[in-house]
>>> print(open('upload06.cif').read())   # mmCIF, N, CA and C atoms
data_input
#
loop_
_atom_site.label_atom_id
_atom_site.label_comp_id
_atom_site.auth_asym_id
_atom_site.auth_seq_id
_atom_site.Cartn_x
_atom_site.Cartn_y
_atom_site.Cartn_z
N GLN A 1 111.25 101.14 102.17
CA GLN A 1 110.47 100.19 101.42
C GLN A 1 109.16 100.84 100.98
N TYR A 2 108.50 101.54 101.91
CA TYR A 2 107.22 102.14 101.54
C TYR A 2 107.39 103.15 100.41
N LEU A 3 108.43 103.94 100.47
CA LEU A 3 108.65 104.95 99.43
C LEU A 3 108.82 104.28 98.07
N ASN A 4 109.65 103.26 98.00
CA ASN A 4 109.89 102.56 96.74
C ASN A 4 108.62 101.86 96.25
N ARG A 5 107.95 101.13 97.13
CA ARG A 5 106.78 100.33 96.74
C ARG A 5 105.56 101.17 96.39
N THR A 6 105.37 102.29 97.08
CA THR A 6 104.14 103.06 96.86
C THR A 6 104.29 104.21 95.89
N LEU A 7 105.46 104.82 95.80
CA LEU A 7 105.58 106.01 94.96
C LEU A 7 106.45 105.82 93.72
N ILE A 8 107.42 104.95 93.78
CA ILE A 8 108.34 104.79 92.64
C ILE A 8 107.96 103.60 91.77
N PHE A 9 107.84 102.43 92.37
CA PHE A 9 107.59 101.19 91.62
C PHE A 9 106.35 101.26 90.72
N PRO A 10 105.20 101.77 91.19
CA PRO A 10 104.01 101.78 90.31
C PRO A 10 104.20 102.57 89.02
N PHE A 11 105.03 103.61 89.05
CA PHE A 11 105.24 104.41 87.85
C PHE A 11 106.25 103.77 86.88
N LEU A 12 106.96 102.76 87.34
CA LEU A 12 107.94 102.08 86.48
C LEU A 12 107.33 100.89 85.75
N ILE A 13 106.17 100.42 86.21
CA ILE A 13 105.54 99.26 85.60
C ILE A 13 104.98 99.64 84.24
N ARG A 14 105.23 98.77 83.26
CA ARG A 14 104.68 98.97 81.92
C ARG A 14 103.47 98.05 81.76
N GLY A 15 102.38 98.58 81.26
CA GLY A 15 101.20 97.75 81.00
C GLY A 15 100.62 97.20 82.28
N GLY A 16 100.16 95.98 82.21
CA GLY A 16 99.57 95.35 83.38
C GLY A 16 98.10 95.69 83.50
N LYS A 17 97.48 95.09 84.46
CA LYS A 17 96.06 95.32 84.69
C LYS A 17 95.88 96.47 85.68
N PRO A 18 94.79 97.21 85.54
CA PRO A 18 94.55 98.30 86.50
C PRO A 18 94.25 97.75 87.89
N THR A 19 94.62 98.51 88.90
CA THR A 19 94.37 98.13 90.28
C THR A 19 93.02 98.70 90.71
N PRO A 20 92.15 97.88 91.30
CA PRO A 20 90.87 98.41 91.79
C PRO A 20 91.10 99.49 92.84
N PHE A 21 90.26 100.52 92.81
CA PHE A 21 90.44 101.65 93.72
C PHE A 21 90.35 101.23 95.18
N VAL A 22 89.46 100.31 95.50
CA VAL A 22 89.30 99.89 96.90
C VAL A 22 90.60 99.26 97.41
N SER A 23 91.23 98.42 96.60
CA SER A 23 92.51 97.81 97.01
C SER A 23 93.57 98.88 97.22
N PHE A 24 93.62 99.84 96.30
CA PHE A 24 94.57 100.93 96.42
C PHE A 24 94.32 101.73 97.70
N ALA A 25 93.06 102.09 97.94
CA ALA A 25 92.73 102.92 99.10
C ALA A 25 93.05 102.20 100.41
N LEU A 26 92.70 100.91 100.50
CA LEU A 26 92.98 100.16 101.73
C LEU A 26 94.48 100.03 101.97
N ALA A 27 95.23 99.75 100.91
CA ALA A 27 96.69 99.64 101.05
C ALA A 27 97.29 100.98 101.47
N PHE A 28 96.79 102.06 100.90
CA PHE A 28 97.27 103.39 101.24
C PHE A 28 97.00 103.72 102.71
N VAL A 29 95.79 103.46 103.16
CA VAL A 29 95.43 103.72 104.56
C VAL A 29 96.29 102.87 105.49
N PHE A 30 96.48 101.60 105.15
CA PHE A 30 97.31 100.73 105.99
C PHE A 30 98.72 101.27 106.10
N CYS A 31 99.32 101.65 104.97
CA CYS A 31 100.70 102.14 104.98
C CYS A 31 100.83 103.43 105.80
N ILE A 32 99.89 104.33 105.65
CA ILE A 32 99.93 105.58 106.42
C ILE A 32 99.80 105.29 107.91
N TYR A 33 98.83 104.47 108.28
CA TYR A 33 98.60 104.17 109.70
C TYR A 33 99.77 103.40 110.30
N ASN A 34 100.27 102.41 109.58
CA ASN A 34 101.40 101.61 110.06
C ASN A 34 102.64 102.48 110.24
N GLY A 35 102.94 103.31 109.28
CA GLY A 35 104.08 104.21 109.38
C GLY A 35 103.93 105.18 110.54
N TYR A 36 102.72 105.68 110.72
CA TYR A 36 102.45 106.60 111.83
C TYR A 36 102.69 105.91 113.17
N LEU A 37 102.14 104.71 113.35
CA LEU A 37 102.29 103.99 114.61
C LEU A 37 103.76 103.67 114.90
N GLN A 38 104.48 103.21 113.89
CA GLN A 38 105.89 102.90 114.09
C GLN A 38 106.69 104.16 114.42
N GLY A 39 106.40 105.24 113.73
CA GLY A 39 107.10 106.50 113.99
C GLY A 39 106.84 107.02 115.39
N ILE A 40 105.58 106.97 115.81
CA ILE A 40 105.23 107.42 117.16
C ILE A 40 105.96 106.58 118.20
N TYR A 41 105.95 105.26 118.02
CA TYR A 41 106.62 104.39 118.99
C TYR A 41 108.12 104.68 119.05
N LEU A 42 108.77 104.71 117.88
CA LEU A 42 110.22 104.88 117.85
C LEU A 42 110.66 106.25 118.37
N CYS A 43 109.85 107.26 118.12
CA CYS A 43 110.23 108.61 118.56
C CYS A 43 109.85 108.92 120.01
N ASN A 44 108.78 108.33 120.50
CA ASN A 44 108.28 108.73 121.82
C ASN A 44 108.43 107.68 122.92
N TYR A 45 108.44 106.41 122.58
CA TYR A 45 108.37 105.39 123.63
C TYR A 45 109.55 104.43 123.68
N ALA A 46 110.25 104.24 122.59
CA ALA A 46 111.37 103.29 122.57
C ALA A 46 112.57 103.88 123.32
N ASP A 47 113.26 103.02 124.05
CA ASP A 47 114.47 103.44 124.75
C ASP A 47 115.67 103.23 123.84
N HIS A 48 116.40 104.30 123.59
CA HIS A 48 117.59 104.24 122.75
C HIS A 48 118.79 104.68 123.57
N ALA A 49 119.90 103.97 123.39
CA ALA A 49 121.15 104.41 124.01
C ALA A 49 121.61 105.69 123.31
N SER A 50 122.39 106.50 123.98
CA SER A 50 122.82 107.77 123.39
C SER A 50 123.74 107.55 122.17
N ASP A 51 124.42 106.41 122.13
CA ASP A 51 125.31 106.14 121.00
C ASP A 51 124.75 105.04 120.09
N TRP A 52 123.43 104.96 119.94
CA TRP A 52 122.78 103.89 119.19
C TRP A 52 123.23 103.84 117.73
N ILE A 53 123.57 104.97 117.16
CA ILE A 53 123.92 105.01 115.73
C ILE A 53 125.26 104.34 115.44
N SER A 54 126.11 104.17 116.46
CA SER A 54 127.40 103.53 116.24
C SER A 54 127.45 102.11 116.81
N GLU A 55 126.32 101.63 117.31
CA GLU A 55 126.26 100.26 117.85
C GLU A 55 126.40 99.25 116.71
N PRO A 56 127.15 98.16 116.92
CA PRO A 56 127.33 97.14 115.88
C PRO A 56 126.00 96.55 115.40
N VAL A 57 125.06 96.36 116.29
CA VAL A 57 123.76 95.80 115.89
C VAL A 57 123.06 96.72 114.90
N PHE A 58 123.10 98.02 115.17
CA PHE A 58 122.48 98.98 114.26
C PHE A 58 123.19 99.00 112.91
N LEU A 59 124.52 99.01 112.93
CA LEU A 59 125.29 99.06 111.68
C LEU A 59 125.08 97.80 110.84
N ILE A 60 125.04 96.64 111.49
CA ILE A 60 124.78 95.39 110.76
C ILE A 60 123.37 95.41 110.20
N GLY A 61 122.42 95.82 111.02
CA GLY A 61 121.03 95.90 110.56
C GLY A 61 120.85 96.84 109.38
N MET A 62 121.47 98.00 109.44
CA MET A 62 121.37 98.95 108.33
C MET A 62 122.05 98.41 107.07
N SER A 63 123.16 97.71 107.25
CA SER A 63 123.85 97.10 106.09
C SER A 63 122.96 96.05 105.44
N LEU A 64 122.33 95.20 106.25
CA LEU A 64 121.44 94.17 105.70
C LEU A 64 120.24 94.82 105.02
N TRP A 65 119.71 95.88 105.60
CA TRP A 65 118.57 96.58 105.00
C TRP A 65 118.96 97.16 103.65
N LEU A 66 120.14 97.79 103.58
CA LEU A 66 120.60 98.39 102.33
C LEU A 66 120.86 97.32 101.26
N ILE A 67 121.46 96.22 101.64
CA ILE A 67 121.68 95.11 100.70
C ILE A 67 120.34 94.60 100.18
N GLY A 68 119.36 94.44 101.08
CA GLY A 68 118.03 93.99 100.68
C GLY A 68 117.37 94.97 99.72
N LEU A 69 117.54 96.27 99.96
CA LEU A 69 116.98 97.29 99.08
C LEU A 69 117.58 97.19 97.68
N VAL A 70 118.90 97.06 97.61
CA VAL A 70 119.57 96.95 96.30
C VAL A 70 119.12 95.69 95.57
N ILE A 71 119.03 94.56 96.28
CA ILE A 71 118.56 93.30 95.68
C ILE A 71 117.14 93.47 95.16
N ASN A 72 116.28 94.09 95.96
CA ASN A 72 114.89 94.27 95.58
C ASN A 72 114.74 95.16 94.35
N ILE A 73 115.44 96.28 94.31
CA ILE A 73 115.35 97.19 93.16
C ILE A 73 115.90 96.53 91.90
N HIS A 74 117.03 95.84 92.01
CA HIS A 74 117.61 95.16 90.85
C HIS A 74 116.71 94.04 90.35
N SER A 75 116.14 93.28 91.27
CA SER A 75 115.25 92.18 90.88
C SER A 75 113.98 92.71 90.23
N ASP A 76 113.43 93.81 90.75
CA ASP A 76 112.26 94.42 90.12
C ASP A 76 112.59 94.89 88.72
N HIS A 77 113.78 95.42 88.51
CA HIS A 77 114.21 95.85 87.17
C HIS A 77 114.25 94.66 86.21
N ILE A 78 114.78 93.55 86.67
CA ILE A 78 114.82 92.34 85.82
C ILE A 78 113.40 91.90 85.48
N LEU A 79 112.51 91.88 86.46
CA LEU A 79 111.13 91.45 86.23
C LEU A 79 110.39 92.39 85.28
N ARG A 80 110.60 93.69 85.42
CA ARG A 80 109.92 94.65 84.54
C ARG A 80 110.36 94.51 83.09
N ASN A 81 111.56 94.04 82.88
CA ASN A 81 112.10 93.95 81.51
C ASN A 81 112.09 92.54 80.94
N LEU A 82 111.29 91.65 81.52
CA LEU A 82 111.21 90.28 81.00
C LEU A 82 110.63 90.24 79.60
N ARG A 83 109.55 90.97 79.39
CA ARG A 83 108.86 90.94 78.10
C ARG A 83 109.05 92.25 77.35
N LYS A 84 109.09 92.13 76.04
CA LYS A 84 109.12 93.31 75.19
C LYS A 84 107.71 93.90 75.13
N PRO A 85 107.55 95.18 74.79
CA PRO A 85 106.21 95.77 74.71
C PRO A 85 105.31 94.97 73.78
N GLY A 86 104.11 94.67 74.25
CA GLY A 86 103.14 93.92 73.47
C GLY A 86 103.27 92.41 73.58
N GLU A 87 104.35 91.95 74.14
CA GLU A 87 104.59 90.51 74.28
C GLU A 87 103.81 89.98 75.49
N THR A 88 103.28 88.79 75.36
CA THR A 88 102.57 88.16 76.47
C THR A 88 103.18 86.79 76.72
N GLY A 89 102.75 86.17 77.77
CA GLY A 89 103.24 84.83 78.07
C GLY A 89 104.19 84.83 79.26
N TYR A 90 104.48 83.63 79.71
CA TYR A 90 105.31 83.46 80.89
C TYR A 90 106.78 83.38 80.50
N LYS A 91 107.62 84.04 81.25
CA LYS A 91 109.07 83.97 81.04
C LYS A 91 109.74 83.74 82.39
N ILE A 92 110.82 83.03 82.38
CA ILE A 92 111.59 82.78 83.60
C ILE A 92 112.68 83.84 83.70
N PRO A 93 112.71 84.57 84.81
CA PRO A 93 113.73 85.61 84.96
C PRO A 93 115.14 85.01 85.09
N ARG A 94 116.09 85.67 84.50
CA ARG A 94 117.50 85.27 84.57
C ARG A 94 118.34 86.45 85.01
N GLY A 95 119.44 86.14 85.69
CA GLY A 95 120.36 87.18 86.12
C GLY A 95 120.16 87.56 87.57
N GLY A 96 121.15 88.23 88.12
CA GLY A 96 121.07 88.63 89.52
C GLY A 96 120.88 87.42 90.42
N LEU A 97 120.13 87.61 91.47
CA LEU A 97 119.88 86.50 92.40
C LEU A 97 118.84 85.52 91.87
N PHE A 98 118.22 85.81 90.72
CA PHE A 98 117.31 84.84 90.12
C PHE A 98 118.05 83.57 89.70
N GLU A 99 119.37 83.63 89.62
CA GLU A 99 120.15 82.44 89.32
C GLU A 99 120.22 81.50 90.52
N TYR A 100 119.89 82.01 91.71
CA TYR A 100 120.01 81.22 92.94
C TYR A 100 118.68 80.96 93.64
N VAL A 101 117.74 81.91 93.52
CA VAL A 101 116.43 81.76 94.14
C VAL A 101 115.35 82.13 93.12
N SER A 102 114.18 81.54 93.26
CA SER A 102 113.13 81.80 92.27
C SER A 102 112.43 83.14 92.48
N GLY A 103 112.44 83.66 93.69
CA GLY A 103 111.80 84.94 93.98
C GLY A 103 112.79 85.92 94.55
N ALA A 104 113.73 86.38 93.73
CA ALA A 104 114.79 87.27 94.22
C ALA A 104 114.23 88.59 94.75
N ASN A 105 113.15 89.08 94.15
CA ASN A 105 112.57 90.33 94.65
C ASN A 105 112.02 90.13 96.07
N PHE A 106 111.40 89.00 96.32
CA PHE A 106 110.88 88.71 97.67
C PHE A 106 112.05 88.47 98.65
N PHE A 107 113.10 87.84 98.17
CA PHE A 107 114.29 87.61 99.00
C PHE A 107 114.85 88.95 99.49
N GLY A 108 114.91 89.94 98.59
CA GLY A 108 115.37 91.27 98.98
C GLY A 108 114.45 91.92 99.99
N GLU A 109 113.14 91.72 99.83
CA GLU A 109 112.20 92.32 100.78
C GLU A 109 112.32 91.65 102.15
N ILE A 110 112.55 90.36 102.18
CA ILE A 110 112.71 89.66 103.45
C ILE A 110 113.95 90.19 104.18
N GLY A 111 115.00 90.48 103.42
CA GLY A 111 116.21 91.02 104.02
C GLY A 111 116.00 92.39 104.63
N ARG A 112 114.95 93.08 104.20
CA ARG A 112 114.68 94.41 104.74
C ARG A 112 113.63 94.40 105.82
N ALA A 113 113.07 93.25 106.10
CA ALA A 113 111.97 93.18 107.07
C ALA A 113 112.46 93.36 108.49
#
>>> encode(input="upload06.cif", output="structure tokens")
Amino acid sequence: QYLNRTLIFPFLIRGGKPTPFVSFALAFVFCIYNGYLQGIYLCNYADHASDWISEPVFLIGMSLWLIGLVINIHSDHILRNLRKPGETGYKIPRGGLFEYVSGANFFGEIGRA
């Protein structure tokens, strides 16, 4: 999620308002620190069974995470292409999971949480 949200997604956005540097810097520091803490915990302190990668809980969790990632990327694509260049105004997204939920991109992120 961090890779997509911090390094890929910002370069795909067309137009929009600039992000204040302070907001960017604080978000960057948070992501680095949060990733560091989680990595340290998972690598050094968490107890893992020797066959954790084949456990059903892990496989189901990874499947849900991957489905959430695909939903999120597809929904972001729909949102980025709502308006033509230079067009302004509000548009309702159509297609994908937007046919079932109003915030399909957030639905995908929740699935990956």
>>> axis_aligned_box(input="upload06.cif", around="region 94-111 of chain A", padding_each_side="3 Å", output="lines of an AutoDock Vina configuration file")
center_x = 116.0
center_y = 86.7
center_z = 94.6
size_x = 16.3
size_y = 17.4
size_z = 26.1
>>> resolve_selection(input="upload06.cif", expression="the PyMOL selection byres (((chain A and resi 65 and name CA) around 9) and name CA)", output="ChimeraX atom specification")
/A:60-64,66-70,108-109,111-113
>>> atom_distance(input="upload06.cif", atom1="atom C of Pro85 (chain A)", atom2="CA of Ala104 (chain A)")
23.8 Å
>>> residues_near_point(input="upload06.cif", point="(102.7, 101.5, 102.3)", cutoff="12 Å", atoms="only C-alpha atoms", output="CSV table (one decimal) with N, CA and C atoms, keeping the file's coordinate frame")
chain,number,residue,atom,x,y,z
A,1,GLN,N,111.2,101.1,102.2
A,1,GLN,CA,110.5,100.2,101.4
A,1,GLN,C,109.2,100.8,101.0
A,2,TYR,N,108.5,101.5,101.9
A,2,TYR,CA,107.2,102.1,101.5
A,2,TYR,C,107.4,103.2,100.4
A,3,LEU,N,108.4,103.9,100.5
A,3,LEU,CA,108.6,105.0,99.4
A,3,LEU,C,108.8,104.3,98.1
A,4,ASN,N,109.6,103.3,98.0
A,4,ASN,CA,109.9,102.6,96.7
A,4,ASN,C,108.6,101.9,96.2
A,5,ARG,N,108.0,101.1,97.1
A,5,ARG,CA,106.8,100.3,96.7
A,5,ARG,C,105.6,101.2,96.4
A,6,THR,N,105.4,102.3,97.1
A,6,THR,CA,104.1,103.1,96.9
A,6,THR,C,104.3,104.2,95.9
A,7,LEU,N,105.5,104.8,95.8
A,7,LEU,CA,105.6,106.0,95.0
A,7,LEU,C,106.4,105.8,93.7
A,8,ILE,N,107.4,105.0,93.8
A,8,ILE,CA,108.3,104.8,92.6
A,8,ILE,C,108.0,103.6,91.8
A,9,PHE,N,107.8,102.4,92.4
A,9,PHE,CA,107.6,101.2,91.6
A,9,PHE,C,106.4,101.3,90.7
A,24,PHE,N,93.6,99.8,96.3
A,24,PHE,CA,94.6,100.9,96.4
A,24,PHE,C,94.3,101.7,97.7
A,25,ALA,N,93.1,102.1,97.9
A,25,ALA,CA,92.7,102.9,99.1
A,25,ALA,C,93.0,102.2,100.4
A,26,LEU,N,92.7,100.9,100.5
A,26,LEU,CA,93.0,100.2,101.7
A,26,LEU,C,94.5,100.0,102.0
A,27,ALA,N,95.2,99.8,100.9
A,27,ALA,CA,96.7,99.6,101.0
A,27,ALA,C,97.3,101.0,101.5
A,28,PHE,N,96.8,102.1,100.9
A,28,PHE,CA,97.3,103.4,101.2
A,28,PHE,C,97.0,103.7,102.7
A,29,VAL,N,95.8,103.5,103.2
A,29,VAL,CA,95.4,103.7,104.6
A,29,VAL,C,96.3,102.9,105.5
A,30,PHE,N,96.5,101.6,105.2
A,30,PHE,CA,97.3,100.7,106.0
A,30,PHE,C,98.7,101.3,106.1
A,31,CYS,N,99.3,101.6,105.0
A,31,CYS,CA,100.7,102.1,105.0
A,31,CYS,C,100.8,103.4,105.8
A,32,ILE,N,99.9,104.3,105.6
A,32,ILE,CA,99.9,105.6,106.4
A,32,ILE,C,99.8,105.3,107.9
A,33,TYR,N,98.8,104.5,108.3
A,33,TYR,CA,98.6,104.2,109.7
A,33,TYR,C,99.8,103.4,110.3
A,34,ASN,N,100.3,102.4,109.6
A,34,ASN,CA,101.4,101.6,110.1
A,34,ASN,C,102.6,102.5,110.2
A,35,GLY,N,102.9,103.3,109.3
A,35,GLY,CA,104.1,104.2,109.4
A,35,GLY,C,103.9,105.2,110.5
A,36,TYR,N,102.7,105.7,110.7
A,36,TYR,CA,102.4,106.6,111.8
A,36,TYR,C,102.7,105.9,113.2
>>> atom_distance(input="upload06.cif", atom1="atom N of Thr88 (chain A)", atom2="CA of Ser23 (chain A)")
25.8 Å
>>> atom_distance(input="upload06.cif", atom1="CA of Cys43 (chain A)", atom2="CA of Pro10 (chain A)")
29.7 Å
>>> select_by_dssp(input="upload06.cif", residues="region 54-92 of chain A", states="helix (DSSP H, G or I)", output="MDAnalysis selection string")
chainID A and resid 54 56:80
>>> residues_around(input="upload06.cif", residues="Arg80 (chain A)", least_positions_apart="4", cutoff="12 Å", atoms="only C-alpha atoms", output="list in words")
Phe9, Pro10, Phe11, Leu12, Ile13, Arg14, Gly15, Gly16, Ile73, His74, Ser75, Asp76, Lys84, Pro85, Lys91, Pro93 and Asn105 of chain A
